[in-house]
file run.json (JSON, C-alpha atoms and all ligand atoms)
[["chain", "number", "residue", "atom", "x", "y", "z"],
["A", 38, "MET", "CA", 0.00, 0.00, 0.00],
["A", 39, "SER", "CA", 1.40, 3.44, -0.93],
["A", 40, "LEU", "CA", 1.72, 6.06, 1.75],
["A", 41, "ASP", "CA", -1.13, 8.07, 0.19],
["A", 42, "VAL", "CA", -3.49, 5.09, 0.15],
["A", 43, "ALA", "CA", -2.55, 4.19, 3.72],
["A", 44, "ALA", "CA", -3.23, 7.77, 4.84],
["A", 45, "GLU", "CA", -6.62, 7.73, 3.10],
["A", 46, "ALA", "CA", -7.57, 4.42, 4.73],
["A", 47, "GLU", "CA", -6.66, 5.91, 8.09],
["A", 48, "LEU", "CA", -8.84, 8.95, 7.47],
["A", 49, "ASP", "CA", -11.67, 6.66, 6.36],
["A", 50, "GLY", "CA", -12.02, 5.12, 9.76],
["A", 51, "ALA", "CA", -10.94, 1.83, 11.26],
["A", 52, "ALA", "CA", -7.25, 2.70, 11.51],
["A", 53, "ASN", "CA", -7.89, 5.84, 13.60],
["A", 54, "GLY", "CA", -10.25, 4.11, 15.97],
["A", 55, "VAL", "CA", -13.54, 4.97, 14.24],
["A", 56, "GLU", "CA", -15.23, 1.73, 13.26],
["A", 57, "PRO", "CA", -17.57, 1.80, 10.24],
["A", 58, "LEU", "CA", -21.19, 1.77, 11.51],
["A", 59, "VAL", "CA", -22.55, -0.38, 8.69],
["A", 60, "GLY", "CA", -20.98, -3.62, 7.47],
["A", 61, "GLU", "CA", -19.40, -3.94, 4.03],
["A", 62, "GLY", "CA", -21.81, -4.88, 1.26],
["A", 63, "SER", "CA", -24.78, -2.90, 2.59],
["A", 64, "ALA", "CA", -26.11, 0.01, 0.54],
["A", 65, "LEU", "CA", -26.93, 1.80, 3.80],
["A", 66, "LYS", "CA", -24.63, 4.57, 4.95],
["A", 67, "ALA", "CA", -24.56, 5.75, 8.55],
["A", 68, "GLU", "CA", -22.86, 8.66, 10.20],
["A", 69, "LEU", "CA", -22.88, 9.74, 13.84],
["A", 70, "MET", "CA", -24.47, 13.15, 14.37],
["A", 71, "THR", "CA", -22.78, 13.93, 17.70],
["A", 72, "GLY", "CA", -20.21, 12.16, 19.84],
["A", 73, "TYR", "CA", -22.69, 9.57, 21.15],
["A", 74, "THR", "CA", -26.28, 10.32, 20.22],
["A", 75, "GLY", "CA", -28.06, 10.38, 16.85],
["A", 76, "VAL", "CA", -27.11, 8.65, 13.63],
["A", 77, "GLU", "CA", -27.93, 9.78, 10.11],
["A", 78, "ILE", "CA", -28.86, 6.87, 7.87],
["A", 79, "THR", "CA", -28.89, 7.32, 4.10],
["A", 80, "GLY", "CA", -28.41, 5.29, 0.93],
["A", 81, "VAL", "CA", -31.75, 3.47, 0.48],
["A", 82, "PRO", "CA", -35.35, 4.79, 0.39],
["A", 83, "LEU", "CA", -37.24, 3.44, 3.40],
["A", 84, "GLN", "CA", -39.69, 1.57, 1.18],
["A", 85, "GLU", "CA", -36.79, -0.47, -0.25],
["A", 86, "LEU", "CA", -34.99, -1.62, 2.89],
["A", 87, "SER", "CA", -34.25, -5.35, 2.98],
["A", 88, "ASP", "CA", -34.86, -7.41, 6.15],
["A", 89, "ASP", "CA", -31.10, -7.22, 6.85],
["A", 90, "ASP", "CA", -31.21, -3.43, 6.47],
["A", 91, "VAL", "CA", -34.10, -3.27, 8.95],
["A", 92, "GLU", "CA", -32.03, -5.23, 11.48],
["A", 93, "THR", "CA", -29.09, -2.85, 10.87],
["A", 94, "VAL", "CA", -31.39, 0.14, 11.47],
["A", 95, "ARG", "CA", -32.79, -1.48, 14.64],
["A", 96, "ARG", "CA", -29.24, -1.97, 15.93],
["A", 97, "LEU", "CA", -28.04, 1.52, 14.97],
["A", 98, "ILE", "CA", -31.01, 3.23, 16.63],
["A", 99, "GLY", "CA", -30.62, 0.95, 19.65],
["A", 100, "ASP", "CA", -26.96, 1.98, 19.91],
["A", 101, "TYR", "CA", -27.35, 5.72, 19.25],
["A", 102, "CYS", "CA", -30.96, 6.28, 20.43],
["A", 103, "VAL", "CA", -32.24, 8.15, 17.35],
["A", 104, "GLY", "CA", -31.93, 7.75, 13.59],
["A", 105, "ALA", "CA", -32.49, 10.51, 11.03],
["A", 106, "PHE", "CA", -33.33, 9.58, 7.43],
["A", 107, "PRO", "CA", -33.32, 12.74, 5.28],
["A", 108, "GLY", "CA", -35.02, 13.18, 1.91],
["A", 109, "GLN", "CA", -37.77, 10.56, 2.20],
["A", 110, "SER", "CA", -41.17, 10.64, 0.53],
["A", 111, "LEU", "CA", -43.72, 8.75, 2.62],
["A", 112, "THR", "CA", -47.48, 8.51, 2.54],
["A", 113, "PRO", "CA", -49.11, 7.83, 5.93],
["A", 114, "GLU", "CA", -49.70, 4.24, 4.81],
["A", 115, "GLU", "CA", -46.04, 3.82, 3.83],
["A", 116, "GLN", "CA", -44.96, 5.17, 7.22],
["A", 117, "LEU", "CA", -47.25, 2.63, 8.91],
["A", 118, "THR", "CA", -45.82, -0.17, 6.76],
["A", 119, "PHE", "CA", -42.24, 0.82, 7.52],
["A", 120, "VAL", "CA", -42.68, 1.17, 11.29],
["A", 121, "SER", "CA", -44.62, -2.12, 11.45],
["A", 122, "ARG", "CA", -41.38, -3.88, 10.46],
["A", 123, "PHE", "CA", -40.09, -2.98, 13.95],
["A", 124, "GLY", "CA", -43.11, -4.10, 15.98],
["A", 125, "THR", "CA", -46.90, -4.05, 16.20],
["A", 126, "ILE", "CA", -48.25, -0.57, 15.49],
["A", 127, "THR", "CA", -49.70, 1.15, 18.53],
["A", 128, "LYS", "CA", -51.10, 4.53, 19.57],
["A", 129, "THR", "CA", -51.46, 6.61, 22.71],
["A", 130, "PRO", "CA", -54.77, 5.81, 24.45],
["A", 131, "GLY", "CA", -57.19, 8.72, 24.62],
["A", 132, "VAL", "CA", -55.41, 10.83, 21.96],
["A", 133, "ASP", "CA", -57.12, 11.87, 18.71],
["A", 134, "MET", "CA", -55.12, 10.97, 15.61],
["A", 135, "ARG", "CA", -56.31, 14.03, 13.61],
["A", 136, "SER", "CA", -55.02, 12.56, 10.31],
["A", 137, "GLY", "CA", -57.98, 10.54, 9.07],
["A", 138, "VAL", "CA", -55.71, 7.47, 9.09],
["A", 139, "ASP", "CA", -55.90, 5.35, 12.22],
["A", 140, "TYR", "CA", -52.57, 5.09, 14.09],
["A", 141, "VAL", "CA", -51.11, 8.10, 12.22],
["A", 142, "HIS", "CA", -51.08, 11.00, 14.67],
["A", 143, "VAL", "CA", -50.72, 14.54, 13.33],
["A", 144, "VAL", "CA", -48.37, 16.56, 15.48],
["A", 145, "ALA", "CA", -49.20, 20.18, 14.63],
["A", 146, "ASP", "CA", -48.00, 22.89, 16.97],
["A", 147, "ARG", "CA", -47.66, 26.61, 16.75],
["A", 148, "GLY", "CA", -44.79, 28.22, 18.56],
["A", 149, "ASP", "CA", -45.34, 31.06, 20.94],
["A", 150, "ALA", "CA", -43.34, 34.03, 19.70],
["A", 151, "ASP", "CA", -43.58, 35.87, 23.02],
["A", 152, "ASN", "CA", -42.91, 32.93, 25.25],
["A", 153, "PRO", "CA", -41.05, 30.14, 23.44],
["A", 154, "VAL", "CA", -41.01, 26.95, 25.48],
["A", 155, "SER", "CA", -39.86, 23.38, 25.25],
["A", 156, "GLY", "CA", -42.45, 20.61, 25.26],
["A", 157, "GLY", "CA", -40.42, 18.99, 28.07],
["A", 158, "PHE", "CA", -38.22, 15.90, 27.76],
["A", 159, "HIS", "CA", -40.19, 12.68, 27.96],
["A", 160, "THR", "CA", -40.36, 9.11, 26.74],
["A", 161, "ASP", "CA", -43.53, 8.33, 24.79],
["A", 162, "THR", "CA", -46.64, 6.79, 26.36],
["A", 163, "CYS", "CA", -44.81, 5.41, 29.41],
["A", 164, "PHE", "CA", -48.12, 4.97, 31.30],
["A", 165, "VAL", "CA", -49.08, 1.67, 29.64],
["A", 166, "GLU", "CA", -47.89, -1.88, 30.41],
["A", 167, "ARG", "CA", -45.97, -2.13, 27.14],
["A", 168, "PRO", "CA", -44.80, 1.35, 26.14],
["A", 169, "PRO", "CA", -43.76, 1.97, 22.53],
["A", 170, "SER", "CA", -40.27, 0.77, 21.62],
["A", 171, "PHE", "CA", -39.97, 3.05, 18.60],
["A", 172, "SER", "CA", -41.66, 6.34, 17.73],
["A", 173, "SER", "CA", -41.28, 8.03, 14.37],
["A", 174, "LEU", "CA", -42.00, 11.44, 12.92],
["A", 175, "TYR", "CA", -42.22, 12.27, 9.23],
["A", 176, "ALA", "CA", -41.86, 15.97, 8.39],
["A", 177, "VAL", "CA", -44.70, 17.20, 6.17],
["A", 178, "ASP", "CA", -44.54, 20.94, 6.79],
["A", 179, "VAL", "CA", -41.78, 22.41, 8.92],
["A", 180, "PRO", "CA", -40.66, 25.93, 9.91],
["A", 181, "ARG", "CA", -37.77, 27.56, 8.06],
["A", 182, "HIS", "CA", -36.14, 27.86, 11.44],
["A", 183, "GLY", "CA", -37.06, 26.74, 14.94],
["A", 184, "GLY", "CA", -39.34, 23.88, 15.97],
["A", 185, "ASP", "CA", -36.42, 21.46, 16.40],
["A", 186, "THR", "CA", -36.68, 18.21, 18.35],
["A", 187, "MET", "CA", -34.06, 17.38, 20.97],
["A", 188, "PHE", "CA", -33.07, 13.93, 22.17],
["A", 189, "CYS", "CA", -31.07, 12.78, 25.17],
["A", 190, "ASN", "CA", -29.27, 9.51, 25.73],
["A", 191, "GLN", "CA", -30.54, 7.53, 28.72],
["A", 192, "TYR", "CA", -27.72, 4.96, 28.57],
["A", 193, "MET", "CA", -25.32, 7.78, 29.31],
["A", 194, "ALA", "CA", -27.57, 9.04, 32.08],
["A", 195, "TYR", "CA", -27.38, 5.63, 33.73],
["A", 196, "ASP", "CA", -23.67, 5.02, 33.05],
["A", 197, "SER", "CA", -22.69, 8.33, 34.62],
["A", 198, "LEU", "CA", -24.42, 7.66, 37.96],
["A", 199, "SER", "CA", -22.21, 6.70, 40.89],
["A", 200, "GLU", "CA", -21.92, 3.00, 41.76],
["A", 201, "VAL", "CA", -23.71, 3.81, 45.04],
["A", 202, "MET", "CA", -26.70, 5.30, 43.19],
["A", 203, "LYS", "CA", -26.74, 2.43, 40.68],
["A", 204, "LYS", "CA", -26.91, -0.09, 43.56],
["A", 205, "TRP", "CA", -29.61, 1.95, 45.25],
["A", 206, "LEU", "CA", -31.74, 1.86, 42.09],
["A", 207, "VAL", "CA", -31.62, -1.95, 41.82],
["A", 208, "GLY", "CA", -35.22, -3.14, 42.14],
["A", 209, "MET", "CA", -36.56, 0.43, 42.32],
["A", 210, "ARG", "CA", -39.84, 1.06, 40.47],
["A", 211, "PHE", "CA", -41.47, 4.35, 39.52],
["A", 212, "LYS", "CA", -45.18, 5.01, 39.09],
["A", 213, "HIS", "CA", -46.25, 6.30, 35.65],
["A", 214, "VAL", "CA", -49.57, 8.06, 35.03],
["A", 215, "VAL", "CA", -51.16, 9.78, 32.08],
["A", 216, "SER", "CA", -51.15, 13.53, 31.48],
["A", 217, "GLY", "CA", -52.58, 15.60, 28.62],
["A", 218, "THR", "CA", -55.19, 13.47, 26.91],
["A", 219, "ASP", "CA", -58.21, 14.13, 24.68],
["A", 220, "ARG", "CA", -60.36, 11.38, 26.25],
["A", 221, "PRO", "CA", -59.48, 10.67, 29.92],
["A", 222, "GLU", "CA", -62.02, 7.82, 30.10],
["A", 223, "GLU", "CA", -59.79, 5.72, 27.80],
["A", 224, "VAL", "CA", -56.72, 6.10, 29.93],
["A", 225, "PRO", "CA", -55.37, 2.98, 31.69],
["A", 226, "ASP", "CA", -54.64, 2.68, 35.42],
["A", 227, "PRO", "CA", -51.21, 3.84, 36.61],
["A", 228, "VAL", "CA", -48.36, 1.36, 36.00],
["A", 229, "TRP", "CA", -45.07, 0.69, 37.78],
["A", 230, "HIS", "CA", -41.93, 0.37, 35.67],
["A", 231, "PRO", "CA", -38.32, -0.23, 36.70],
["A", 232, "ALA", "CA", -36.24, 2.92, 37.23],
["A", 233, "VAL", "CA", -33.49, 1.28, 35.21],
["A", 234, "ARG", "CA", -34.35, -0.88, 32.24],
["A", 235, "THR", "CA", -32.24, -3.23, 30.17],
["A", 236, "HIS", "CA", -32.44, -2.69, 26.43],
["A", 237, "PRO", "CA", -33.40, -6.00, 24.78],
["A", 238, "VAL", "CA", -31.22, -5.45, 21.69],
["A", 239, "THR", "CA", -28.06, -3.82, 23.08],
["A", 240, "GLY", "CA", -28.17, -5.37, 26.56],
["A", 241, "ARG", "CA", -27.25, -1.94, 28.00],
["A", 242, "LYS", "CA", -28.96, -0.37, 31.01],
["A", 243, "ALA", "CA", -30.82, 2.93, 30.60],
["A", 244, "LEU", "CA", -32.45, 5.26, 33.09],
["A", 245, "TYR", "CA", -36.24, 5.16, 32.60],
["A", 246, "VAL", "CA", -37.74, 8.43, 33.85],
["A", 247, "THR", "CA", -39.91, 11.10, 32.30],
["A", 248, "PHE", "CA", -41.35, 14.49, 33.20],
["A", 249, "ALA", "CA", -42.84, 15.16, 36.62],
["A", 250, "ALA", "CA", -46.50, 15.08, 35.52],
["A", 251, "ARG", "CA", -46.13, 11.46, 34.37],
["A", 252, "CYS", "CA", -43.53, 9.98, 36.72],
["A", 253, "VAL", "CA", -45.12, 10.52, 40.11],
["A", 254, "GLY", "CA", -43.79, 8.18, 42.74],
["A", 255, "ALA", "CA", -41.06, 5.76, 43.83],
["A", 256, "GLU", "CA", -42.10, 2.44, 45.33],
["A", 257, "GLY", "CA", -41.69, 2.28, 49.10],
["A", 258, "MET", "CA", -40.76, 5.96, 49.45],
["A", 259, "THR", "CA", -42.67, 8.92, 50.79],
["A", 260, "GLU", "CA", -44.06, 11.31, 48.22],
["A", 261, "ALA", "CA", -41.32, 13.87, 48.97],
["A", 262, "GLU", "CA", -38.53, 11.29, 48.79],
["A", 263, "GLY", "CA", -39.83, 9.92, 45.50],
["A", 264, "ARG", "CA", -40.29, 13.39, 44.02],
["A", 265, "ASN", "CA", -36.76, 14.43, 44.91],
["A", 266, "LEU", "CA", -35.22, 11.23, 43.57],
["A", 267, "ILE", "CA", -37.14, 11.39, 40.28],
["A", 268, "ASP", "CA", -36.39, 15.10, 39.86],
["A", 269, "PHE", "CA", -32.69, 14.49, 40.44],
["A", 270, "LEU", "CA", -32.56, 11.63, 37.90],
["A", 271, "TYR", "CA", -34.58, 13.65, 35.37],
["A", 272, "ARG", "CA", -32.26, 16.67, 35.63],
["A", 273, "HIS", "CA", -29.22, 14.39, 35.56],
["A", 274, "SER", "CA", -30.45, 13.00, 32.21],
["A", 275, "MET", "CA", -30.20, 16.38, 30.49],
["A", 276, "ARG", "CA", -26.63, 17.36, 29.86],
["A", 277, "ASP", "CA", -25.36, 18.96, 26.65],
["A", 278, "HIS", "CA", -22.94, 16.22, 25.67],
["A", 279, "VAL", "CA", -25.59, 13.49, 25.67],
["A", 280, "MET", "CA", -27.94, 15.33, 23.30],
["A", 281, "TYR", "CA", -28.78, 15.38, 19.62],
["A", 282, "ARG", "CA", -30.85, 18.28, 18.28],
["A", 283, "HIS", "CA", -32.69, 17.64, 15.03],
["A", 284, "ARG", "CA", -33.35, 20.56, 12.73],
["A", 285, "TRP", "CA", -36.26, 19.57, 10.50],
["A", 286, "HIS", "CA", -36.42, 19.69, 6.71],
["A", 287, "PRO", "CA", -39.43, 18.55, 4.67],
["A", 288, "GLY", "CA", -39.12, 14.83, 3.93],
["A", 289, "ASP", "CA", -37.10, 14.04, 7.05],
["A", 290, "PHE", "CA", -38.07, 10.81, 8.75],
["A", 291, "VAL", "CA", -36.77, 10.45, 12.29],
["A", 292, "MET", "CA", -37.20, 7.35, 14.42],
["A", 293, "TRP", "CA", -36.13, 7.02, 18.05],
["A", 294, "ASP", "CA", -35.94, 4.29, 20.62],
["A", 295, "ASN", "CA", -38.01, 5.20, 23.68],
["A", 296, "ARG", "CA", -36.24, 2.53, 25.73],
["A", 297, "CYS", "CA", -32.97, 4.48, 25.82],
["A", 298, "SER", "CA", -33.87, 8.11, 25.11],
["A", 299, "MET", "CA", -36.09, 11.05, 25.97],
["A", 300, "HIS", "CA", -37.09, 13.78, 23.54],
["A", 301, "ALA", "CA", -38.58, 17.28, 23.59],
["A", 302, "ALA", "CA", -39.98, 19.57, 20.92],
["A", 303, "VAL", "CA", -38.81, 23.18, 21.02],
["A", 304, "TYR", "CA", -41.70, 25.56, 20.32],
["A", 305, "ASP", "CA", -39.68, 28.56, 19.18],
["A", 306, "HIS", "CA", -41.05, 28.81, 15.63],
["A", 307, "GLY", "CA", -43.69, 31.48, 16.19],
["A", 308, "ASP", "CA", -46.53, 31.35, 13.66],
["A", 309, "GLN", "CA", -44.71, 29.19, 11.14],
["A", 310, "PRO", "CA", -46.63, 25.98, 10.51],
["A", 311, "ARG", "CA", -45.18, 22.71, 11.83],
["A", 312, "ARG", "CA", -46.87, 19.47, 10.84],
["A", 313, "LEU", "CA", -45.40, 16.02, 11.33],
["A", 314, "HIS", "CA", -46.89, 12.53, 11.15],
["A", 315, "ARG", "CA", -46.19, 10.33, 14.15],
["A", 316, "VAL", "CA", -46.36, 6.52, 14.11],
["A", 317, "MET", "CA", -45.23, 4.24, 16.96],
["A", 318, "CYS", "CA", -44.84, 0.53, 17.54],
["A", 319, "GLU", "CA", -45.31, -1.42, 20.73],
["A", 320, "GLY", "CA", -42.37, -2.58, 22.81],
["A", 321, "GLU", "CA", -42.01, -5.23, 25.49],
["A", 322, "ARG", "CA", -42.89, -4.77, 29.16],
["A", 323, "PRO", "CA", -39.85, -2.90, 30.56],
["A", 324, "PHE", "CA", -37.53, -5.18, 32.53],
["A", 325, "GLU", "CA", -34.58, -4.48, 34.73],
["A", 401, "LIG", "C1", -43.44, 14.16, 20.66],
["A", 401, "LIG", "O1", -43.23, 14.69, 21.74],
["A", 401, "LIG", "O2", -43.69, 12.95, 20.60],
["A", 401, "LIG", "C2", -43.35, 14.98, 19.41],
["A", 401, "LIG", "C3", -42.05, 15.67, 19.31],
["A", 401, "LIG", "C4", -42.07, 16.82, 18.35],
["A", 401, "LIG", "O3", -43.14, 17.38, 18.06],
["A", 401, "LIG", "O4", -40.99, 17.20, 17.91]]
call {"tool": "encode", "arguments": {"input": "run.json", "output": "structure tokens"}}
result
Amino acid sequence: MSLDVAAEAELDGAANGVEPLVGEGSALKAELMTGYTGVEITGVPLQELSDDDVETVRRLIGDYCVGAFPGQSLTPEEQLTFVSRFGTITKTPGVDMRSGVDYVHVVADRGDADNPVSGGFHTDTCFVERPPSFSSLYAVDVPRHGGDTMFCNQYMAYDSLSEVMKKWLVGMRFKHVVSGTDRPEEVPDPVWHPAVRTHPVTGRKALYVTFAARCVGAEGMTEAEGRNLIDFLYRHSMRDHVMYRHRWHPGDFVMWDNRCSMHAAVYDHGDQPRRLHRVMCEGERPFE
């Protein structure tokens, strides 16, 4: 190998410690979007992914929490078909879909120009026995600027706890309840999920918390003790270096793994329209 070719190979990856994310022979290309969280996946339209590609995507999103697929063109039915390759399609109880297509939820929010806020980091529909493994959004109409979605990495939240705290959380369960629903009568009873869950694909442990309105108690603790513990773990989950922030373009398809991430919309887009189609699939009962 000439010096030039050797230098190029080194820049390409393996030799400088950066392993290729997708095996040789696949048409998929994958690139990390930050140091640890978010992977951009390109190379094949979603409608044409082989079964092997789907397994690669499942692994990549499991490893890096969120996958972004730019430049797609998806009808609601095609989005349903794609997401159903990852699990049985599901929806949030008591929430109107607003799309005319069952299981396709229209996310349409206006920003507040005077008081821009974040939707609050959360993991989707945690208040059911089997919360969604994957959620997806397809960008139909997005602001020229603003209205991003942020993601944080719950493996890193867990890994960075002290060994004392990790031991303390063994066997700990948190109570999850519904908040913000169109039809409260359809909402299930509260459920208890482990504070730390093991991801079934990666085998890694991730902190499983969500915002205060939905994560309301710790088993065996007083209300104040539970509140303080959950608030600490929630705040601990949100540090800059564990985040990926997605800036939307029309045709973006983004899919995340709720078992190892939280996400939050940022409503800073004023009156600009923002319309995305959301489809989710069911996961397993969370286990420690
Ligand atoms: C959601 O919270 O599930 C939607 C996120 C978004 O609108 O960006």
call {"tool": "closest_residue", "arguments": {"input": "run.json", "among": "A:Gln109, A:Ser199, A:Ser155, A:Ser121", "to": "ligand LIG 401 (chain A)", "atoms": "all atoms listed in the file"}}
result
A:Ser155
call {"tool": "residues_near_ligand", "arguments": {"input": "run.json", "ligand": "ligand LIG 401 (chain A)", "cutoff": "8 Å", "atoms": "all atoms listed in the file", "output": "mmCIF file with C-alpha atoms, in the coordinates of the input"}}
result
data_model
loop_
_atom_site.group_PDB
_atom_site.id
_atom_site.type_symbol
_atom_site.label_atom_id
_atom_site.label_comp_id
_atom_site.auth_asym_id
_atom_site.auth_seq_id
_atom_site.Cartn_x
_atom_site.Cartn_y
_atom_site.Cartn_z
ATOM 1 C CA VAL A 144 -48.370 16.560 15.480
ATOM 2 C CA ALA A 145 -49.200 20.180 14.630
ATOM 3 C CA ASP A 146 -48.000 22.890 16.970
ATOM 4 C CA GLY A 156 -42.450 20.610 25.260
ATOM 5 C CA PHE A 158 -38.220 15.900 27.760
ATOM 6 C CA HIS A 159 -40.190 12.680 27.960
ATOM 7 C CA THR A 160 -40.360 9.110 26.740
ATOM 8 C CA ASP A 161 -43.530 8.330 24.790
ATOM 9 C CA SER A 172 -41.660 6.340 17.730
ATOM 10 C CA LEU A 174 -42.000 11.440 12.920
ATOM 11 C CA GLY A 184 -39.340 23.880 15.970
ATOM 12 C CA ASP A 185 -36.420 21.460 16.400
ATOM 13 C CA THR A 186 -36.680 18.210 18.350
ATOM 14 C CA MET A 187 -34.060 17.380 20.970
ATOM 15 C CA HIS A 300 -37.090 13.780 23.540
ATOM 16 C CA ALA A 301 -38.580 17.280 23.590
ATOM 17 C CA ALA A 302 -39.980 19.570 20.920
ATOM 18 C CA VAL A 303 -38.810 23.180 21.020
ATOM 19 C CA LEU A 313 -45.400 16.020 11.330
ATOM 20 C CA ARG A 315 -46.190 10.330 14.150
#
call {"tool": "closest_residue", "arguments": {"input": "run.json", "among": "A:Ser298, A:Thr118, A:Arg241, A:His314", "to": "Tyr281 in chain A", "atoms": "all atoms listed in the file"}}
result
A:Ser298
call {"tool": "closest_residue", "arguments": {"input": "run.json", "among": "A:Glu166, A:Asp305, A:Glu321, A:Asp178", "to": "Pro130 in chain A", "atoms": "all atoms listed in the file"}}
result
A:Glu166
call {"tool": "residues_around", "arguments": {"input": "run.json", "residues": "range 190-193 of chain A", "least_positions_apart": "4", "cutoff": "10 Å", "atoms": "all atoms listed in the file", "output": "short mmCIF file (atom, residue, chain, number, x, y, z; two decimals) with C-alpha atoms, keeping the file's coordinate frame"}}
result
data_model
loop_
_atom_site.label_atom_id
_atom_site.label_comp_id
_atom_site.auth_asym_id
_atom_site.auth_seq_id
_atom_site.Cartn_x
_atom_site.Cartn_y
_atom_site.Cartn_z
CA TYR A 73 -22.69 9.57 21.15
CA THR A 74 -26.28 10.32 20.22
CA GLY A 75 -28.06 10.38 16.85
CA ASP A 100 -26.96 1.98 19.91
CA TYR A 101 -27.35 5.72 19.25
CA CYS A 102 -30.96 6.28 20.43
CA VAL A 103 -32.24 8.15 17.35
CA SER A 197 -22.69 8.33 34.62
CA LEU A 198 -24.42 7.66 37.96
CA VAL A 233 -33.49 1.28 35.21
CA ARG A 234 -34.35 -0.88 32.24
CA THR A 235 -32.24 -3.23 30.17
CA HIS A 236 -32.44 -2.69 26.43
CA ARG A 241 -27.25 -1.94 28.00
CA LYS A 242 -28.96 -0.37 31.01
CA ALA A 243 -30.82 2.93 30.60
CA LEU A 244 -32.45 5.26 33.09
CA TYR A 245 -36.24 5.16 32.60
CA VAL A 246 -37.74 8.43 33.85
CA TYR A 271 -34.58 13.65 35.37
CA HIS A 273 -29.22 14.39 35.56
CA SER A 274 -30.45 13.00 32.21
CA MET A 275 -30.20 16.38 30.49
CA ARG A 276 -26.63 17.36 29.86
CA HIS A 278 -22.94 16.22 25.67
CA VAL A 279 -25.59 13.49 25.67
CA MET A 280 -27.94 15.33 23.30
CA TYR A 281 -28.78 15.38 19.62
CA ASP A 294 -35.94 4.29 20.62
CA ASN A 295 -38.01 5.20 23.68
CA ARG A 296 -36.24 2.53 25.73
CA CYS A 297 -32.97 4.48 25.82
CA SER A 298 -33.87 8.11 25.11
CA MET A 299 -36.09 11.05 25.97
CA HIS A 300 -37.09 13.78 23.54
#
call {"tool": "closest_residue", "arguments": {"input": "run.json", "among": "A:Phe324, A:Phe211, A:Thr93, A:Gly80", "to": "Glu262 in chain A", "atoms": "all atoms listed in the file"}}
result
A:Phe211
call {"tool": "closest_residue", "arguments": {"input": "run.json", "among": "A:Ile98, A:Arg167, A:Leu86, A:Lys204", "to": "Pro225 in chain A", "atoms": "all atoms listed in the file"}}
result
A:Arg167
call {"tool": "closest_residue", "arguments": {"input": "run.json", "among": "A:Glu77, A:Asp133, A:Glu319, A:Glu200", "to": "Gly217 in chain A", "atoms": "all atoms listed in the file"}}
result
A:Asp133
call {"tool": "atom_distance", "arguments": {"input": "run.json", "atom1": "CA of Arg322 in chain A", "atom2": "CA of Arg264 in chain A"}}
result
23.6 Å
call {"tool": "residues_around", "arguments": {"input": "run.json", "residues": "Gly263 in chain A", "least_positions_apart": "4", "cutoff": "10 Å", "atoms": "only C-alpha atoms", "output": "list in words"}}
result
Phe211, Lys212, Cys252, Val253, Gly254, Ala255, Glu256, Gly257, Met258, Thr259, Ile267, Asp268 and Phe269 of chain A
call {"tool": "atom_distance", "arguments": {"input": "run.json", "atom1": "CA of Pro168 in chain A", "atom2": "CA of Cys318 in chain A"}}
result
8.6 Å
call {"tool": "residues_around", "arguments": {"input": "run.json", "residues": "Leu111 in chain A", "least_positions_apart": "4", "cutoff": "10 Å", "atoms": "all atoms listed in the file", "output": "PDB file with C-alpha atoms, in the frame of the given file"}}
result
ATOM      1  CA  PRO A  82     -35.350   4.790   0.390  1.00  0.00           C
ATOM      2  CA  LEU A  83     -37.240   3.440   3.400  1.00  0.00           C
ATOM      3  CA  GLN A  84     -39.690   1.570   1.180  1.00  0.00           C
ATOM      4  CA  GLU A 115     -46.040   3.820   3.830  1.00  0.00           C
ATOM      5  CA  GLN A 116     -44.960   5.170   7.220  1.00  0.00           C
ATOM      6  CA  LEU A 117     -47.250   2.630   8.910  1.00  0.00           C
ATOM      7  CA  PHE A 119     -42.240   0.820   7.520  1.00  0.00           C
ATOM      8  CA  TYR A 175     -42.220  12.270   9.230  1.00  0.00           C
ATOM      9  CA  ALA A 176     -41.860  15.970   8.390  1.00  0.00           C
ATOM     10  CA  VAL A 177     -44.700  17.200   6.170  1.00  0.00           C
ATOM     11  CA  GLY A 288     -39.120  14.830   3.930  1.00  0.00           C
ATOM     12  CA  ASP A 289     -37.100  14.040   7.050  1.00  0.00           C
ATOM     13  CA  PHE A 290     -38.070  10.810   8.750  1.00  0.00           C
ATOM     14  CA  HIS A 314     -46.890  12.530  11.150  1.00  0.00           C
TER      15      HIS A 314
END
call {"tool": "residues_around", "arguments": {"input": "run.json", "residues": "Gly104 in chain A", "least_positions_apart": "5", "cutoff": "10 Å", "atoms": "all atoms listed in the file", "output": "number ranges by chain"}}
result
A: 67-70, 74-79, 94-95, 97-99, 173, 290-294
call {"tool": "residues_around", "arguments": {"input": "run.json", "residues": "Ala250 in chain A", "least_positions_apart": "3", "cutoff": "9 Å", "atoms": "all atoms listed in the file", "output": "MDAnalysis selection string"}}
result
chainID A and resid 213:216 247 253
call {"tool": "atom_distance", "arguments": {"input": "run.json", "atom1": "CA of Pro287 in chain A", "atom2": "CA of Thr112 in chain A"}}
result
13.0 Å
